[in-house]
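Enquirer: First, the structure itself, so that you have it in front of you.
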Amino acid sequence: MKEIRVLLVDDHPVVRAGLRAMLTDFEGIVVAAEVADGAAALSALTRLHTLAEPVDVVLMDLQMGAGMDGVTATGRIMAGEGGSPPPPVLILTTFDSDADILAAVEAGASGYMLKDAPPEQIREAVLAAAAGQTALAPEVAARLLGRIRNPEPALSAREIQLLELLATGLGNRAIARELFISEATVKTHLVHIYSKLGVDSRTAAIAAATQRRIIRRT
């Protein structure tokens, strides 16, 4: 059986060491390299591609301190910046909000797992990603299915993005600048957000979205 070469991307050395130890215990999986952020991941992929030692799966954290985050790195990997064809990216994180999940999926991630998953579940996810399949943690799959099955109108990716900015304390004008839209469009989005969440204020919208894990707790 062909060995599956994995690139580990996580800013915590202890976490990387634990993941490396876990993965090397699995037959047929080897850690090709490990780096601390998205920019370093792109460099490592390019180097290994040039050496004709391509990576089969990128195991990517989402938040990595001041370095390039996992969503940005995933999008750039999928655009071919680390070599073409790009390897599948499997997100491995502690965050399970709708905002994080949708951002990763939209960036092109092949799977989304949580760090507290059992080792065998992570192994199966790596194998699935290497085989071109989608790998989702049960909790993540349940949230995505819930969005599909829920009869109530679900927030769009843009509305969730706006809510995230709202939660940082930005006003309409600053949000409009961040999203490259008009203030009138921001107000329209807010009307839709309030209606979907059943609230009538910014504070209530942020509280409701946080409680329902639509956006990440700050």
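Simple scheme: letters A, B, ... for chains in structure tokens order, numbers from 1 for residues in each chain, numbers from 1 for ligands in the order shown.
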Can you pull out every residue within 12 Å of A:Ala208, counting only C-alpha atoms, but drop anything in the same chain fewer than 2 positions away, and send it as a PyMOL selection string?

Expert: chain A and resi 163+167+193-206+210-217

Enquirer: Please tabulate, as a Markdown table, the residues of stretch 83-196 of chain A that come within 9 Å of stretch 59-76 of chain A, each with its closest pair of atoms and the distance in Å to one decimal, counting only C-alpha atoms and ordering rows by chain, then residue number upward.

Expert:
| residue | atom | partner | partner_atom | distance |
| --- | --- | --- | --- | --- |
| A:Pro88 | CA | A:Leu59 | CA | 8.9 |
| A:Val89 | CA | A:Leu59 | CA | 6.1 |
| A:Leu90 | CA | A:Leu59 | CA | 5.0 |
| A:Ile91 | CA | A:Met60 | CA | 4.7 |
| A:Leu92 | CA | A:Asp61 | CA | 5.2 |
| A:Thr93 | CA | A:Asp61 | CA | 5.2 |
| A:Thr94 | CA | A:Leu62 | CA | 8.5 |
| A:Phe95 | CA | A:Leu62 | CA | 8.1 |
| A:Asp100 | CA | A:Leu62 | CA | 8.2 |
| A:Ala103 | CA | A:Val71 | CA | 6.6 |
| A:Ala104 | CA | A:Val71 | CA | 5.4 |
| A:Val105 | CA | A:Val71 | CA | 8.8 |
| A:Glu106 | CA | A:Gly75 | CA | 8.3 |
| A:Ala107 | CA | A:Gly75 | CA | 4.6 |
| A:Gly108 | CA | A:Gly75 | CA | 6.2 |
| A:Ala109 | CA | A:Thr74 | CA | 6.5 |
| A:Val126 | CA | A:Leu59 | CA | 8.1 |

Enquirer: Output the selection as a PDB file, in the first residue's frame - N, CA, C and O atoms for each residue.

Expert:
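Produced file again36.pdb, reproduced below:
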ATOM      1  N   PRO A  88      -5.450  17.501  -0.870  1.00  0.00           N
ATOM      2  CA  PRO A  88      -6.630  17.809  -0.063  1.00  0.00           C
ATOM      3  C   PRO A  88      -6.222  18.363   1.294  1.00  0.00           C
ATOM      4  O   PRO A  88      -5.190  17.985   1.851  1.00  0.00           O
ATOM      5  N   VAL A  89      -7.027  19.284   1.809  1.00  0.00           N
ATOM      6  CA  VAL A  89      -6.772  19.890   3.121  1.00  0.00           C
ATOM      7  C   VAL A  89      -7.834  19.403   4.095  1.00  0.00           C
ATOM      8  O   VAL A  89      -9.031  19.554   3.853  1.00  0.00           O
ATOM      9  N   LEU A  90      -7.368  18.824   5.188  1.00  0.00           N
ATOM     10  CA  LEU A  90      -8.258  18.348   6.246  1.00  0.00           C
ATOM     11  C   LEU A  90      -8.076  19.277   7.446  1.00  0.00           C
ATOM     12  O   LEU A  90      -6.989  19.356   8.017  1.00  0.00           O
ATOM     13  N   ILE A  91      -9.129  20.004   7.800  1.00  0.00           N
ATOM     14  CA  ILE A  91      -9.066  20.914   8.942  1.00  0.00           C
ATOM     15  C   ILE A  91      -9.129  20.107  10.237  1.00  0.00           C
ATOM     16  O   ILE A  91      -9.962  19.215  10.382  1.00  0.00           O
ATOM     17  N   LEU A  92      -8.231  20.433  11.173  1.00  0.00           N
ATOM     18  CA  LEU A  92      -8.250  19.815  12.500  1.00  0.00           C
ATOM     19  C   LEU A  92      -8.160  20.943  13.517  1.00  0.00           C
ATOM     20  O   LEU A  92      -7.124  21.586  13.662  1.00  0.00           O
ATOM     21  N   THR A  93      -9.257  21.202  14.215  1.00  0.00           N
ATOM     22  CA  THR A  93      -9.359  22.404  15.038  1.00  0.00           C
ATOM     23  C   THR A  93     -10.198  22.143  16.276  1.00  0.00           C
ATOM     24  O   THR A  93     -10.808  21.067  16.421  1.00  0.00           O
ATOM     25  N   THR A  94     -10.246  23.142  17.151  1.00  0.00           N
ATOM     26  CA  THR A  94     -11.119  23.058  18.330  1.00  0.00           C
ATOM     27  C   THR A  94     -12.431  23.794  18.097  1.00  0.00           C
ATOM     28  O   THR A  94     -13.339  23.720  18.918  1.00  0.00           O
ATOM     29  N   PHE A  95     -12.530  24.534  16.985  1.00  0.00           N
ATOM     30  CA  PHE A  95     -13.690  25.391  16.738  1.00  0.00           C
ATOM     31  C   PHE A  95     -14.743  24.672  15.891  1.00  0.00           C
ATOM     32  O   PHE A  95     -14.414  24.073  14.875  1.00  0.00           O
ATOM     33  N   ASP A 100     -16.890  29.131  11.216  1.00  0.00           N
ATOM     34  CA  ASP A 100     -15.625  28.446  10.935  1.00  0.00           C
ATOM     35  C   ASP A 100     -15.813  27.332   9.914  1.00  0.00           C
ATOM     36  O   ASP A 100     -15.024  27.180   8.973  1.00  0.00           O
ATOM     37  N   ALA A 103     -16.618  28.754   6.385  1.00  0.00           N
ATOM     38  CA  ALA A 103     -15.447  29.409   5.801  1.00  0.00           C
ATOM     39  C   ALA A 103     -14.459  28.370   5.275  1.00  0.00           C
ATOM     40  O   ALA A 103     -13.898  28.521   4.189  1.00  0.00           O
ATOM     41  N   ALA A 104     -14.248  27.305   6.042  1.00  0.00           N
ATOM     42  CA  ALA A 104     -13.317  26.255   5.621  1.00  0.00           C
ATOM     43  C   ALA A 104     -13.826  25.527   4.388  1.00  0.00           C
ATOM     44  O   ALA A 104     -13.069  25.265   3.444  1.00  0.00           O
ATOM     45  N   VAL A 105     -15.108  25.199   4.385  1.00  0.00           N
ATOM     46  CA  VAL A 105     -15.696  24.494   3.238  1.00  0.00           C
ATOM     47  C   VAL A 105     -15.629  25.366   1.987  1.00  0.00           C
ATOM     48  O   VAL A 105     -15.279  24.898   0.895  1.00  0.00           O
ATOM     49  N   GLU A 106     -15.948  26.653   2.139  1.00  0.00           N
ATOM     50  CA  GLU A 106     -15.908  27.560   0.988  1.00  0.00           C
ATOM     51  C   GLU A 106     -14.489  27.739   0.464  1.00  0.00           C
ATOM     52  O   GLU A 106     -14.283  27.959  -0.733  1.00  0.00           O
ATOM     53  N   ALA A 107     -13.492  27.614   1.354  1.00  0.00           N
ATOM     54  CA  ALA A 107     -12.099  27.743   0.930  1.00  0.00           C
ATOM     55  C   ALA A 107     -11.611  26.506   0.185  1.00  0.00           C
ATOM     56  O   ALA A 107     -10.568  26.549  -0.453  1.00  0.00           O
ATOM     57  N   GLY A 108     -12.384  25.411   0.286  1.00  0.00           N
ATOM     58  CA  GLY A 108     -12.022  24.207  -0.451  1.00  0.00           C
ATOM     59  C   GLY A 108     -11.561  23.042   0.389  1.00  0.00           C
ATOM     60  O   GLY A 108     -11.043  22.050  -0.148  1.00  0.00           O
ATOM     61  N   ALA A 109     -11.712  23.130   1.723  1.00  0.00           N
ATOM     62  CA  ALA A 109     -11.294  22.025   2.590  1.00  0.00           C
ATOM     63  C   ALA A 109     -12.057  20.751   2.254  1.00  0.00           C
ATOM     64  O   ALA A 109     -13.252  20.774   1.984  1.00  0.00           O
ATOM     65  N   VAL A 126      -8.062  11.059   7.616  1.00  0.00           N
ATOM     66  CA  VAL A 126      -6.877  11.234   6.771  1.00  0.00           C
ATOM     67  C   VAL A 126      -6.951  10.295   5.573  1.00  0.00           C
ATOM     68  O   VAL A 126      -6.688  10.696   4.422  1.00  0.00           O
TER      69      VAL A 126
END

Enquirer: May I have the residues within 12 Å of A:Asp56 as a VMD selection string, using only C-alpha atoms and disregarding those fewer than 3 positions away in the same chain?

Expert: chain A and resid 2 to 8 28 to 33 45 48 to 49 53 59 83 to 90 126 to 132

Enquirer: Let me see the file: selected residues, C-alpha atoms, as a CSV table (one decimal), in the first residue's frame.

Expert:
chain,number,residue,atom,x,y,z
A,2,LYS,CA,1.3,3.5,-0.9
A,3,GLU,CA,2.3,5.5,2.1
A,4,ILE,CA,0.1,8.6,2.8
A,5,ARG,CA,2.4,11.6,3.3
A,6,VAL,CA,0.9,14.2,5.6
A,7,LEU,CA,1.9,17.9,6.2
A,8,LEU,CA,1.1,19.0,9.8
A,28,GLY,CA,0.8,3.5,6.0
A,29,ILE,CA,0.8,7.2,7.2
A,30,VAL,CA,4.0,9.2,7.4
A,31,VAL,CA,4.6,12.9,8.5
A,32,ALA,CA,6.4,14.5,5.5
A,33,ALA,CA,6.9,17.8,7.3
A,45,LEU,CA,4.4,22.2,-0.1
A,48,LEU,CA,8.3,19.1,-1.4
A,49,HIS,CA,6.6,19.4,-4.8
A,53,GLU,CA,8.0,14.3,-2.8
A,59,LEU,CA,-3.7,18.5,8.3
A,83,GLY,CA,1.9,23.0,-6.4
A,84,SER,CA,-0.6,21.5,-8.8
A,85,PRO,CA,-2.7,19.5,-8.4
A,86,PRO,CA,-3.2,20.7,-4.8
A,87,PRO,CA,-3.4,18.1,-2.0
A,88,PRO,CA,-6.6,17.8,-0.1
A,89,VAL,CA,-6.8,19.9,3.1
A,90,LEU,CA,-8.3,18.3,6.2
A,126,VAL,CA,-6.9,11.2,6.8
A,127,LEU,CA,-7.4,8.1,4.7
A,128,ALA,CA,-10.7,9.4,3.4
A,129,ALA,CA,-9.2,12.8,2.4
A,130,ALA,CA,-6.3,11.0,0.7
A,131,ALA,CA,-8.8,9.0,-1.3
A,132,GLY,CA,-10.6,12.1,-2.5

Enquirer: Using backbone DSSP assignments, extract all alpha helix (DSSP H) residues from stretch 4-124 of chain A; output them as a PyMOL selection string.

Expert: chain A and resi 13-24+38-50+70-78+98-107+119-124

Enquirer: For A:Ala125, which of A:Leu166, A:Ala207, A:Val58, A:Ala40 is the closest residue, counting only C-alpha atoms?

Expert: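 Looking only at the distances to A:Ala125, the closest residue turns out to be A:Val58.
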
Enquirer: By how many Å are atom CA of A:Leu155 and atom CA of A:Gly38 apart?

Expert: 28.2 Å

Enquirer: Which residues in stretch 15-218 of chain A does DSSP call strand (DSSP E or B)? List them as a PyMOL selection string.

Expert: chain A and resi 29-35+57-60+89-93+111-114+135-136

Enquirer: Which of these, A:Ala79, A:Ile160, A:Leu190, A:Val35, has the shortest distance to A:Asn172 once you count only C-alpha atoms?

Expert: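 For A:Asn172, the nearest of the given residues is A:Leu190.
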
Enquirer: Any idea what's packed within 12 Å of A:Arg147, counting only C-alpha atoms, ignoring anything in its chain fewer than 5 positions away? Could you give it as number ranges by chain?

Expert: A: 98, 101-102, 140-142, 152-157, 212, 214

Enquirer: Which residues, written as a PyMOL selection string, have at least one atom at most 10 Å from A:Arg158, with only C-alpha atoms counted and residues fewer than 4 positions away on the same chain left out?

Expert: chain A and resi 99+162-164+179+189
